[in-house]
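Next comes start_32.cif, a file with mmCIF, C-alpha atoms.
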data_coords
loop_
_atom_site.label_atom_id
_atom_site.label_comp_id
_atom_site.auth_asym_id
_atom_site.auth_seq_id
_atom_site.Cartn_x
_atom_site.Cartn_y
_atom_site.Cartn_z
CA MET A 1 -68.47 31.55 41.13
CA THR A 2 -66.22 28.58 40.69
CA SER A 3 -62.91 29.44 42.22
CA ALA A 4 -59.60 29.73 40.46
CA GLU A 5 -58.30 26.38 41.68
CA THR A 6 -60.76 24.53 39.46
CA THR A 7 -59.40 26.27 36.39
CA LEU A 8 -57.55 24.06 33.95
CA GLY A 9 -54.35 25.39 32.45
CA ILE A 10 -54.65 26.02 28.76
CA THR A 11 -52.70 24.04 26.20
CA PRO A 12 -49.66 26.06 25.10
CA SER A 13 -49.35 27.43 21.61
CA GLN A 14 -46.66 26.16 19.23
CA THR A 15 -45.56 27.41 15.84
CA VAL A 16 -47.34 26.34 12.66
CA GLY A 17 -43.84 25.63 11.34
CA PRO A 18 -42.79 25.74 7.70
CA PHE A 19 -44.96 22.87 6.46
CA PHE A 20 -48.55 23.85 7.26
CA ALA A 21 -49.60 24.67 3.70
CA TYR A 22 -50.71 21.21 2.58
CA GLY A 23 -52.92 20.93 5.66
CA LEU A 24 -54.24 24.47 6.15
CA THR A 25 -53.86 26.23 2.78
CA PRO A 26 -53.48 23.50 0.14
CA ASN A 27 -54.97 25.76 -2.52
CA GLY A 28 -54.93 23.06 -5.19
CA GLN A 29 -51.23 22.30 -4.76
CA TYR A 30 -51.72 19.29 -2.53
CA PRO A 31 -54.20 16.42 -2.42
CA TRP A 32 -56.29 17.99 0.29
CA LYS A 33 -59.34 20.24 0.22
CA ASP A 34 -59.15 23.71 1.76
CA THR A 35 -61.24 24.13 4.87
CA PHE A 36 -61.24 27.89 4.35
CA GLY A 37 -60.09 30.09 1.54
CA ASN A 38 -59.28 33.71 0.86
CA ASP A 39 -62.51 34.54 -0.97
CA LEU A 40 -65.20 35.43 1.55
CA THR A 41 -67.77 36.48 -0.99
CA GLY A 42 -70.80 34.30 -1.59
CA PRO A 43 -73.94 34.46 -3.66
CA ASP A 44 -75.95 36.63 -1.27
CA ILE A 45 -73.41 39.25 -0.32
CA ALA A 46 -74.45 42.84 -0.06
CA GLY A 47 -72.09 45.70 0.53
CA GLU A 48 -69.01 47.06 -1.13
CA ARG A 49 -66.89 44.34 -2.73
CA ILE A 50 -63.26 44.94 -1.85
CA ARG A 51 -59.91 43.28 -2.40
CA ILE A 52 -57.24 43.37 0.27
CA GLU A 53 -53.62 42.85 -0.66
CA GLY A 54 -50.49 43.08 1.35
CA ARG A 55 -47.08 41.67 2.05
CA VAL A 56 -45.53 40.40 5.26
CA PHE A 57 -41.94 41.33 6.13
CA ASP A 58 -39.58 40.07 8.83
CA GLY A 59 -37.14 42.11 10.88
CA ASP A 60 -34.67 42.29 7.99
CA GLY A 61 -37.34 43.50 5.61
CA VAL A 62 -37.31 40.12 3.91
CA PRO A 63 -40.72 38.94 2.67
CA MET A 64 -42.14 36.14 4.79
CA THR A 65 -43.06 33.56 2.19
CA ASP A 66 -44.33 30.97 4.65
CA ALA A 67 -46.82 32.97 6.69
CA MET A 68 -50.55 32.44 7.08
CA LEU A 69 -53.17 35.08 7.78
CA GLU A 70 -56.66 34.62 9.10
CA ILE A 71 -59.21 37.39 9.08
CA TRP A 72 -62.44 37.81 11.02
CA GLN A 73 -64.92 40.53 10.20
CA ALA A 74 -68.52 41.66 10.40
CA ASP A 75 -70.74 41.98 7.36
CA ALA A 76 -71.63 45.31 5.76
CA GLN A 77 -74.34 45.82 8.39
CA GLY A 78 -71.87 45.30 11.22
CA ARG A 79 -73.10 41.82 12.15
CA TYR A 80 -70.86 38.89 13.03
CA ALA A 81 -71.82 35.41 11.85
CA GLY A 82 -72.84 33.30 14.82
CA ALA A 83 -73.06 36.21 17.24
CA ALA A 84 -75.80 36.12 19.83
CA GLY A 85 -78.99 37.93 18.99
CA GLU A 86 -81.30 38.00 16.02
CA PRO A 87 -80.31 35.61 13.27
CA ARG A 88 -79.33 37.44 10.13
CA ARG A 89 -81.91 37.48 7.41
CA HIS A 90 -81.98 38.56 3.80
CA THR A 91 -78.60 39.74 2.60
CA ASN A 92 -75.33 38.34 3.90
CA ALA A 93 -77.08 35.45 5.68
CA GLN A 94 -74.39 33.18 4.27
CA PHE A 95 -71.49 35.56 4.78
CA GLN A 96 -69.18 33.85 7.27
CA GLY A 97 -66.72 36.68 7.73
CA PHE A 98 -63.77 34.35 8.10
CA GLY A 99 -60.93 33.84 5.65
CA ARG A 100 -57.52 32.22 5.51
CA ALA A 101 -54.64 32.82 3.13
CA GLY A 102 -51.03 31.77 2.87
CA THR A 103 -48.38 34.15 1.61
CA ASP A 104 -46.76 33.50 -1.77
CA ALA A 105 -43.14 33.59 -2.94
CA GLU A 106 -43.16 37.39 -2.56
CA GLY A 107 -44.72 37.32 0.88
CA ARG A 108 -48.00 38.51 -0.58
CA PHE A 109 -51.53 37.66 0.53
CA VAL A 110 -54.90 38.49 -1.00
CA PHE A 111 -58.45 38.48 0.33
CA GLU A 112 -61.65 39.05 -1.61
CA THR A 113 -64.39 40.24 0.71
CA ILE A 114 -66.83 43.03 1.49
CA LYS A 115 -66.17 46.07 3.56
CA PRO A 116 -67.46 45.55 7.10
CA GLY A 117 -69.82 47.99 8.77
CA PRO A 118 -69.27 49.60 12.16
CA VAL A 119 -69.73 47.26 15.13
CA PRO A 120 -70.52 47.91 18.79
CA GLY A 121 -67.59 48.65 21.04
CA PRO A 122 -67.08 48.95 24.77
CA ASP A 123 -69.59 51.13 26.60
CA GLY A 124 -71.86 51.14 23.57
CA ARG A 125 -69.54 53.35 21.57
CA PRO A 126 -69.32 52.18 17.98
CA GLN A 127 -66.06 50.91 16.57
CA ALA A 128 -64.93 52.05 13.16
CA PRO A 129 -65.14 49.37 10.47
CA HIS A 130 -62.22 47.02 10.94
CA ILE A 131 -60.99 43.47 10.38
CA LEU A 132 -59.23 41.38 12.99
CA VAL A 133 -56.11 39.73 11.58
CA ALA A 134 -54.20 36.78 13.06
CA LEU A 135 -50.74 36.08 11.71
CA PHE A 136 -49.06 32.67 11.93
CA ALA A 137 -45.64 31.61 10.66
CA ARG A 138 -42.54 29.57 11.21
CA GLY A 139 -40.60 31.42 13.88
CA MET A 140 -43.80 32.57 15.56
CA LEU A 141 -44.53 30.44 18.61
CA ARG A 142 -48.00 31.97 18.91
CA GLN A 143 -50.19 33.98 16.59
CA SER A 144 -49.93 37.75 16.55
CA TYR A 145 -53.11 39.76 16.31
CA THR A 146 -53.48 43.05 14.53
CA ARG A 147 -56.38 45.07 13.12
CA LEU A 148 -56.97 46.43 9.66
CA TYR A 149 -58.77 49.78 9.44
CA PHE A 150 -59.83 51.60 6.27
CA ALA A 151 -58.16 54.84 5.19
CA ASP A 152 -61.38 56.39 3.90
CA GLU A 153 -63.30 56.04 7.19
CA PRO A 154 -63.89 59.25 9.13
CA ALA A 155 -64.99 57.01 12.06
CA ASN A 156 -61.34 56.07 12.61
CA ALA A 157 -60.93 59.33 14.50
CA ASP A 158 -63.34 58.14 17.21
CA ASP A 159 -62.45 54.47 17.33
CA PRO A 160 -61.83 53.35 20.94
CA VAL A 161 -59.19 50.79 20.01
CA LEU A 162 -57.22 53.04 17.67
CA ALA A 163 -57.27 55.56 20.49
CA LEU A 164 -55.17 53.15 22.57
CA VAL A 165 -52.42 53.19 19.97
CA PRO A 166 -49.73 55.90 20.11
CA GLU A 167 -50.62 58.35 17.39
CA GLU A 168 -47.35 57.96 15.51
CA ARG A 169 -47.96 54.21 15.13
CA ARG A 170 -51.62 54.28 14.05
CA ALA A 171 -50.78 54.46 10.35
CA THR A 172 -49.53 50.87 10.49
CA LEU A 173 -53.14 49.77 11.04
CA ILE A 174 -54.70 51.75 8.21
CA ALA A 175 -55.09 50.09 4.83
CA SER A 176 -54.69 52.55 1.97
CA ARG A 177 -57.35 52.67 -0.72
CA THR A 178 -56.90 52.68 -4.46
CA GLU A 179 -59.03 51.47 -7.36
CA ARG A 180 -58.24 48.59 -9.65
CA ASP A 181 -60.56 47.40 -12.40
CA GLY A 182 -63.29 49.56 -10.96
CA ARG A 183 -63.12 47.93 -7.56
CA ALA A 184 -61.68 49.12 -4.28
CA LEU A 185 -58.27 47.74 -3.47
CA TYR A 186 -56.97 48.12 0.06
CA THR A 187 -53.26 47.63 0.67
CA PHE A 188 -52.13 46.45 4.10
CA ASP A 189 -48.51 45.46 4.66
CA ILE A 190 -47.37 43.86 7.89
CA ARG A 191 -43.90 44.50 9.26
CA MET A 192 -42.78 42.43 12.22
CA GLN A 193 -40.08 44.92 13.20
CA GLY A 194 -38.41 48.16 12.20
CA GLU A 195 -39.40 51.79 12.22
CA ALA A 196 -42.82 51.04 10.75
CA GLU A 197 -43.36 47.91 12.88
CA THR A 198 -47.02 46.96 12.71
CA VAL A 199 -48.99 47.45 15.90
CA PHE A 200 -49.93 44.12 17.47
CA PHE A 201 -52.50 43.66 20.21
CA GLU A 202 -52.36 41.49 23.31
CA ILE A 203 -55.82 40.01 23.39
CA MET B 1 -73.70 31.35 27.09
CA THR B 2 -71.08 34.03 27.40
CA PHE B 3 -67.43 33.58 28.13
CA PHE B 4 -64.56 35.63 29.36
CA TYR B 5 -60.93 35.20 28.56
CA PRO B 6 -58.48 36.03 31.34
CA THR B 7 -55.24 37.18 29.77
CA ALA B 8 -53.35 35.65 32.71
CA SER B 9 -54.08 32.27 31.15
CA LEU B 10 -51.74 33.21 28.33
CA ASP B 11 -48.82 32.80 30.75
CA ALA B 12 -48.86 29.15 29.65
CA PHE B 13 -47.87 30.24 26.13
CA PRO B 14 -44.24 30.49 25.06
CA PRO B 15 -42.74 33.97 24.77
CA ARG B 16 -42.73 35.24 21.20
CA LEU B 17 -38.99 35.82 21.36
CA SER B 18 -37.33 32.54 22.24
CA PRO B 19 -33.77 32.82 20.91
CA GLY B 20 -33.05 29.08 21.14
CA TYR B 21 -35.49 28.76 18.26
CA ARG B 22 -33.49 30.75 15.77
CA SER B 23 -36.35 31.90 13.55
CA THR B 24 -37.98 33.88 16.37
CA PRO B 25 -35.66 36.91 16.71
CA LYS B 26 -36.57 38.36 13.29
CA ARG B 27 -40.21 37.35 13.49
CA SER B 28 -41.19 38.73 16.91
CA PRO B 29 -42.52 42.21 17.54
CA THR B 30 -40.02 44.43 19.30
CA LYS B 31 -42.41 47.16 20.38
CA PRO B 32 -44.83 46.59 23.25
CA LEU B 33 -48.11 44.94 22.35
CA ILE B 34 -51.17 47.09 22.91
CA LEU B 35 -53.42 45.83 25.68
CA MET B 36 -57.12 46.23 25.01
CA ARG B 37 -60.47 45.17 26.35
CA HIS B 38 -62.10 42.49 24.28
CA THR B 39 -64.86 43.80 22.05
CA LEU B 40 -67.52 41.96 20.08
CA THR B 41 -64.87 41.41 17.41
CA GLU B 42 -62.64 39.36 19.70
CA LEU B 43 -65.50 37.66 21.52
CA THR B 44 -67.06 36.16 18.41
CA GLY B 45 -65.51 33.70 16.03
CA PRO B 46 -65.98 31.66 12.90
CA VAL B 47 -68.83 29.24 12.52
CA TYR B 48 -68.49 26.47 10.00
CA GLY B 49 -71.18 24.38 8.43
CA GLN B 50 -71.42 20.64 8.16
CA GLU B 51 -69.52 20.83 4.88
CA ALA B 52 -66.31 21.85 6.67
CA VAL B 53 -65.66 18.23 7.62
CA GLN B 54 -66.41 15.36 5.28
CA PRO B 55 -66.76 11.73 6.38
CA GLY B 56 -63.31 10.17 6.21
CA ASP B 57 -61.41 13.41 6.81
CA GLU B 58 -60.50 12.05 10.25
CA ASP B 59 -58.85 8.90 8.86
CA LEU B 60 -55.45 9.76 7.39
CA THR B 61 -54.83 6.13 6.46
CA ARG B 62 -57.65 5.95 3.90
CA GLN B 63 -57.09 8.94 1.66
CA HIS B 64 -55.27 7.09 -1.11
CA VAL B 65 -55.43 3.82 -3.02
CA GLY B 66 -53.40 1.86 -0.51
CA GLU B 67 -52.61 2.10 3.17
CA PRO B 68 -49.64 4.17 4.26
CA LEU B 69 -46.60 2.49 5.75
CA GLY B 70 -45.84 2.90 9.41
CA GLU B 71 -47.41 2.27 12.77
CA ARG B 72 -51.17 2.87 12.64
CA ILE B 73 -52.38 4.80 15.69
CA ILE B 74 -55.56 6.30 17.08
CA VAL B 75 -55.27 9.85 18.41
CA HIS B 76 -58.26 11.05 20.34
CA GLY B 77 -59.23 13.28 23.20
CA ARG B 78 -61.49 16.05 24.34
CA VAL B 79 -61.46 19.75 23.71
CA LEU B 80 -62.27 21.59 26.91
CA ASP B 81 -62.48 25.16 28.12
CA GLU B 82 -60.70 26.45 31.21
CA ASP B 83 -63.61 25.38 33.40
CA GLY B 84 -63.15 21.82 32.18
CA ARG B 85 -66.33 21.84 30.17
CA PRO B 86 -66.43 20.29 26.73
CA VAL B 87 -66.23 22.47 23.65
CA PRO B 88 -68.68 20.90 21.19
CA ASP B 89 -68.49 21.43 17.43
CA ALA B 90 -64.89 22.61 17.62
CA LEU B 91 -63.04 22.28 14.34
CA VAL B 92 -59.78 20.35 14.74
CA GLU B 93 -57.32 20.31 11.83
CA ILE B 94 -54.11 18.29 11.94
CA TRP B 95 -51.06 17.85 9.75
CA GLN B 96 -47.92 15.80 10.22
CA ALA B 97 -44.89 14.08 8.72
CA ASN B 98 -45.10 10.49 7.53
CA ALA B 99 -43.61 7.51 9.35
CA CYS B 100 -40.17 8.37 7.96
CA GLY B 101 -40.29 11.94 9.23
CA ARG B 102 -40.95 13.43 5.79
CA TYR B 103 -43.60 16.03 5.00
CA ILE B 104 -45.32 16.09 1.64
CA HIS B 105 -44.70 19.87 1.56
CA VAL B 106 -42.54 20.92 -1.42
CA VAL B 107 -39.95 22.70 0.70
CA ASP B 108 -39.22 19.69 2.91
CA ARG B 109 -35.77 18.49 1.78
CA HIS B 110 -35.27 15.76 4.35
CA PRO B 111 -33.82 12.85 2.34
CA ALA B 112 -36.39 10.35 3.59
CA PRO B 113 -38.99 8.75 1.35
CA LEU B 114 -42.40 10.16 0.66
CA ASP B 115 -45.28 7.72 0.96
CA PRO B 116 -47.64 7.84 -2.03
CA ASN B 117 -50.41 6.67 0.26
CA PHE B 118 -50.02 9.39 2.85
CA THR B 119 -50.82 13.10 2.64
CA GLY B 120 -50.69 13.73 6.37
CA ALA B 121 -53.62 16.11 6.77
CA GLY B 122 -56.92 15.52 8.51
CA ARG B 123 -59.78 17.28 10.20
CA ALA B 124 -62.59 16.49 12.60
CA LYS B 125 -65.29 18.20 14.58
CA THR B 126 -65.81 17.56 18.26
CA ASP B 127 -69.05 15.92 19.34
CA ALA B 128 -71.42 17.16 22.05
CA GLU B 129 -68.95 15.99 24.73
CA GLY B 130 -66.01 17.71 23.06
CA HIS B 131 -64.55 14.45 21.84
CA TYR B 132 -62.59 14.04 18.61
CA ARG B 133 -60.81 11.04 17.07
CA PHE B 134 -58.29 10.55 14.29
CA VAL B 135 -56.74 7.45 12.77
CA THR B 136 -53.27 8.09 11.44
CA ILE B 137 -49.68 6.88 11.28
CA ARG B 138 -47.17 7.61 13.99
CA PRO B 139 -44.93 10.34 12.53
CA GLY B 140 -41.16 10.03 12.57
CA ALA B 141 -38.65 12.45 14.04
CA TYR B 142 -36.89 14.61 11.48
CA PRO B 143 -33.80 16.82 11.27
CA TRP B 144 -33.94 20.59 10.87
CA GLY B 145 -31.41 23.35 10.49
CA ASN B 146 -31.86 25.20 13.75
CA HIS B 147 -28.52 24.11 15.19
CA PRO B 148 -26.00 21.32 14.52
CA ASN B 149 -27.61 17.89 14.68
CA ALA B 150 -31.03 19.34 15.48
CA TRP B 151 -33.97 16.91 15.40
CA ARG B 152 -37.62 17.62 16.08
CA PRO B 153 -39.32 15.14 18.41
CA ALA B 154 -42.15 13.32 16.65
CA HIS B 155 -45.24 15.50 16.73
CA ILE B 156 -48.61 16.16 15.15
CA HIS B 157 -49.63 19.76 14.43
CA PHE B 158 -53.08 20.72 15.75
CA SER B 159 -55.18 23.75 14.79
CA LEU B 160 -58.35 24.52 16.75
CA PHE B 161 -61.17 27.01 16.92
CA GLY B 162 -63.01 27.47 20.18
CA HIS B 163 -65.80 29.73 21.33
CA SER B 164 -64.26 32.88 19.91
CA PHE B 165 -61.40 34.18 17.82
CA VAL B 166 -59.29 34.75 20.94
CA SER B 167 -59.45 31.06 21.81
CA ARG B 168 -57.88 30.14 18.45
CA LEU B 169 -55.03 27.72 19.09
CA VAL B 170 -52.29 26.19 16.98
CA THR B 171 -50.18 23.70 18.88
CA GLN B 172 -48.24 20.47 18.54
CA MET B 173 -48.93 17.11 20.14
CA TYR B 174 -45.92 15.12 21.27
CA PHE B 175 -45.54 11.45 22.18
CA PRO B 176 -44.75 10.28 25.72
CA GLY B 177 -41.15 9.50 26.62
CA ASP B 178 -39.53 11.05 23.57
CA PRO B 179 -35.74 11.17 24.12
CA LEU B 180 -35.50 14.34 22.01
CA PHE B 181 -37.48 16.51 24.45
CA PRO B 182 -34.47 17.96 26.28
CA PHE B 183 -32.91 19.12 23.01
CA ASP B 184 -35.89 20.71 21.23
CA PRO B 185 -36.11 24.51 21.47
CA ILE B 186 -39.70 24.59 20.22
CA PHE B 187 -40.98 22.16 22.87
CA ASN B 188 -38.87 23.93 25.51
CA SER B 189 -40.03 27.39 24.44
CA VAL B 190 -42.84 26.71 26.90
CA THR B 191 -40.95 27.53 30.06
CA ASP B 192 -43.40 26.12 32.61
CA GLU B 193 -42.90 22.38 32.98
CA ALA B 194 -46.52 21.61 33.81
CA ALA B 195 -47.70 23.58 30.78
CA ARG B 196 -45.11 21.88 28.60
CA ASN B 197 -46.30 18.47 29.69
CA ARG B 198 -49.83 19.35 28.59
CA MET B 199 -48.57 19.04 25.01
CA ILE B 200 -47.64 15.38 25.53
CA ALA B 201 -50.28 12.79 24.70
CA ALA B 202 -50.85 9.88 27.07
CA PHE B 203 -50.65 6.29 25.95
CA ASP B 204 -54.20 4.98 26.22
CA LEU B 205 -54.46 1.21 26.51
CA ASP B 206 -58.23 1.38 27.07
CA HIS B 207 -58.81 2.83 23.60
CA THR B 208 -56.27 0.65 21.87
CA VAL B 209 -58.04 -1.58 19.36
CA PRO B 210 -56.74 -5.12 19.84
CA GLU B 211 -54.95 -6.60 16.84
CA TRP B 212 -55.22 -3.25 15.05
CA ALA B 213 -53.86 0.02 16.52
CA LEU B 214 -52.44 1.61 19.66
CA ALA B 215 -54.22 4.68 21.01
CA TYR B 216 -52.99 8.00 22.39
CA ARG B 217 -55.11 10.47 24.27
CA PHE B 218 -54.58 14.19 23.85
CA ASP B 219 -56.95 16.52 25.69
CA ILE B 220 -56.76 20.16 24.67
CA VAL B 221 -57.74 23.11 26.84
CA LEU B 222 -58.72 26.31 25.04
CA ARG B 223 -59.05 29.79 26.49
CA GLY B 224 -62.44 30.66 27.89
CA ARG B 225 -64.34 30.53 31.16
CA ARG B 226 -68.06 30.74 31.73
CA GLN B 227 -69.23 34.20 32.60
CA THR B 228 -71.72 32.84 35.11
CA PRO B 229 -71.75 29.47 36.84
CA MET B 230 -74.35 27.21 35.25
CA GLU B 231 -74.86 24.74 38.09
CA SER B 232 -78.18 22.95 37.98
#
Any chance you could give the structure as structure tokens?
Amino acid sequence: MTSAETTLGITPSQTVGPFFAYGLTPNGQYPWKDTFGNDLTGPDIAGERIRIEGRVFDGDGVPMTDAMLEIWQADAQGRYAGAAGEPRRHTNAQFQGFGRAGTDAEGRFVFETIKPGPVPGPDGRPQAPHILVALFARGMLRQSYTRLYFADEPANADDPVLALVPEERRATLIASRTERDGRALYTFDIRMQGEAETVFFEI
Amino acid sequence: MTFFYPTASLDAFPPRLSPGYRSTPKRSPTKPLILMRHTLTELTGPVYGQEAVQPGDEDLTRQHVGEPLGERIIVHGRVLDEDGRPVPDALVEIWQANACGRYIHVVDRHPAPLDPNFTGAGRAKTDAEGHYRFVTIRPGAYPWGNHPNAWRPAHIHFSLFGHSFVSRLVTQMYFPGDPLFPFDPIFNSVTDEAARNRMIAAFDLDHTVPEWALAYRFDIVLRGRRQTPMES
């Protein structure tokens, strides 16, 4: 094994600042084409179509109107795009599982996607369906990672990552489910601080 | 090829709470972060097709009818992993202020002129050797409200994807010899001097195009080491 002294130091993280939108989430407001958007659904998706909505709040409970979220998820069969192994065939072959959204004037974000399936976890134990969320904003010198789990999933009880979280804080990771226009709507608010501070992971 | 991601490497990152940068105290978690083993979720990451980057996206001086004002520059470098190996096909997105230090963003109130010929956003994909290249305008310094007479050193924002979602990096590239370095709490949020200096591009005479543009080299190292040595 190459020894530690040959390791290069990584480039430090810096904040996205207040002005990232025209570059990363122009969304028709600026003369630049989005690289990624908040609608992950494509023509060949299979699985339950869902909408995820939430708001991001700072330590004073003030909506963060200049935040950006990125999500990364498996498809309904629990497969990640680009993961090693058999290429995906048939349904969801074009599902990329990655989305990006800026927050609006109320600190709100929206994603249109499909509900992911369970994916393998450590030691072969399955993980409950979940979405990895990275949060970026002015005032954040590096991204914060959290996970979104689904309130209607019995598998949450056996999830190895949720099990690491003190029980009284787990609710901050669970998106609540309602219906709107006949489609599942999951609500997932993120609070940087306070009694209901969202659980963030050091990964 | 599999990779692992030592969390010790993150020591190069700034702490989330860095009070000199006044926006951090209300936007940093106060409770301990949960440590976890990486799972398939963390060890995979987005793939993007050819359509993610269009020809010309890497030239910020040719996105409008005319050329933007300011000093034309070439910014190039390699994206590497912690073993010093190139990261091919990495998506690199950049955004920046114009030559006057003004962003096109609607909330930028700096009373400096906008340039109708400059948006300030670009993207590129690294080649097989991890190399990327942009043509742009050298951005100006600009004032901000962090503290009295606060000015950001000139910088270009960089956003990168590496081998997995945990190697995702958003950073800023600075220019060598900037007199504002000692006064900038964002630059100095990185407490280790050697790590801080990795955010400063090097003037690169060899890649300067005579009679046309100066060049700066900015190599970027993302998290990730090879699981097994691949010596041949």
I want to know what sits within 9 Å of Asp83 in chain B, based on only C-alpha atoms, with residues of the same chain fewer than 4 positions away left out; could you give that as a ChimeraX atom specification? /A:2,6-8 /B:224-226
Give me a file of those residues, with C-alpha atoms, as a PDB file, in the frame of the given file.
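Generated file (result-v4.pdb):
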ATOM      1  CA  THR A   2     -66.220  28.580  40.690  1.00  0.00           C
ATOM      2  CA  THR A   6     -60.760  24.530  39.460  1.00  0.00           C
ATOM      3  CA  THR A   7     -59.400  26.270  36.390  1.00  0.00           C
ATOM      4  CA  LEU A   8     -57.550  24.060  33.950  1.00  0.00           C
TER       5      LEU A   8
ATOM      6  CA  GLY B 224     -62.440  30.660  27.890  1.00  0.00           C
ATOM      7  CA  ARG B 225     -64.340  30.530  31.160  1.00  0.00           C
ATOM      8  CA  ARG B 226     -68.060  30.740  31.730  1.00  0.00           C
TER       9      ARG B 226
END
Name all residues at most 6 Å from range 9-24 of chain B (count all atoms listed in the file; drop same-chain ones fewer than 3 positions away) and give them as a ChimeraX atom specification. /A:12-13,139,141 /B:6,27-28,185,189-190,195
For the file shown, what are the residues hit by the PyMOL selection byres ((chain A) within 8 of (chain B)), laid out as a ChimeraX atom specification? /A:1-2,6-16,19-24,31-32,35,58-60,72-74,80-83,96-98,119-122,132,138-142,161,164-165,192-193,197,199-203
If the PyMOL selection byres ((chain B and resi 203) around 8) were run on this exact file, what residues would it hold? Put them as a PyMOL selection string. chain B and resi 176+201-202+204-205+215-217
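Taking all atoms listed in the file, the non-local environment of Met64 in chain A within 10 Å (same-chain residues fewer than 3 positions away omitted) comprises Arg55, Val56, Phe57, Asp58, Gly59, Gly61, Ala67, Met68, Thr103, Asp104, Ala105, Glu106, Gly107, Arg108, Ala137, Arg138, Ile190, Arg191 and Met192 of chain A; Arg27 of chain B.
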Test item: axis-aligned box, all listed atoms of range 67-73 of chain A, 8 Å on each side, centre and edges in Å rounded to one decimal, as lines of an AutoDock Vina configuration file:
center_x = -55.9
center_y = 36.5
center_z = 8.9
size_x = 34.1
size_y = 24.1
size_z = 20.3
Check which residues satisfy the PyMOL selection byres ((chain B and resi 100) around 10) in the file shown, then give them as a count of residues only. 19
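Here CA of Ile50 in chain A is placed at a distance of 19.9 Å from CA of Ala171 in chain A.
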So that I can check the surroundings of Ala155 in chain A, please list as number ranges by chain every protein, DNA and RNA residue that reaches within 10 Å of it, counting all atoms listed in the file and ignoring chain neighbours fewer than 3 positions away. A: 118, 126-129, 149-152, 158-159
Which neighbours of Gly66 in chain B fall inside 9 Å, counting only C-alpha atoms, when residues of the same chain fewer than 4 positions from it are skipped, and could you give them as a PyMOL selection string? chain B and resi 61-62+116-118
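The space separating CA of Phe36 in chain A from CA of Leu60 in chain B comes to 19.3 Å.
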In Å, with one decimal, what is the gap from CA of Gly177 in chain B to CA of His155 in chain B? 12.3 Å
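The shortest atom-to-atom distance to Pro116 in chain A, with only C-alpha atoms taken into account, belongs to A:Glu48 out of A:Asp34, A:Glu48, A:Glu195, A:Glu168.
Comparing A:Arg100, A:Arg125, A:Arg79, A:Arg51 by their smallest distance to Ala175 in chain A, the closest is A:Arg51 (using all atoms listed in the file).
Shortest atom-to-atom contact with Phe136 in chain A among A:Glu70, A:Asp39, A:Glu53, A:Asp44: A:Glu70, counting only C-alpha atoms.
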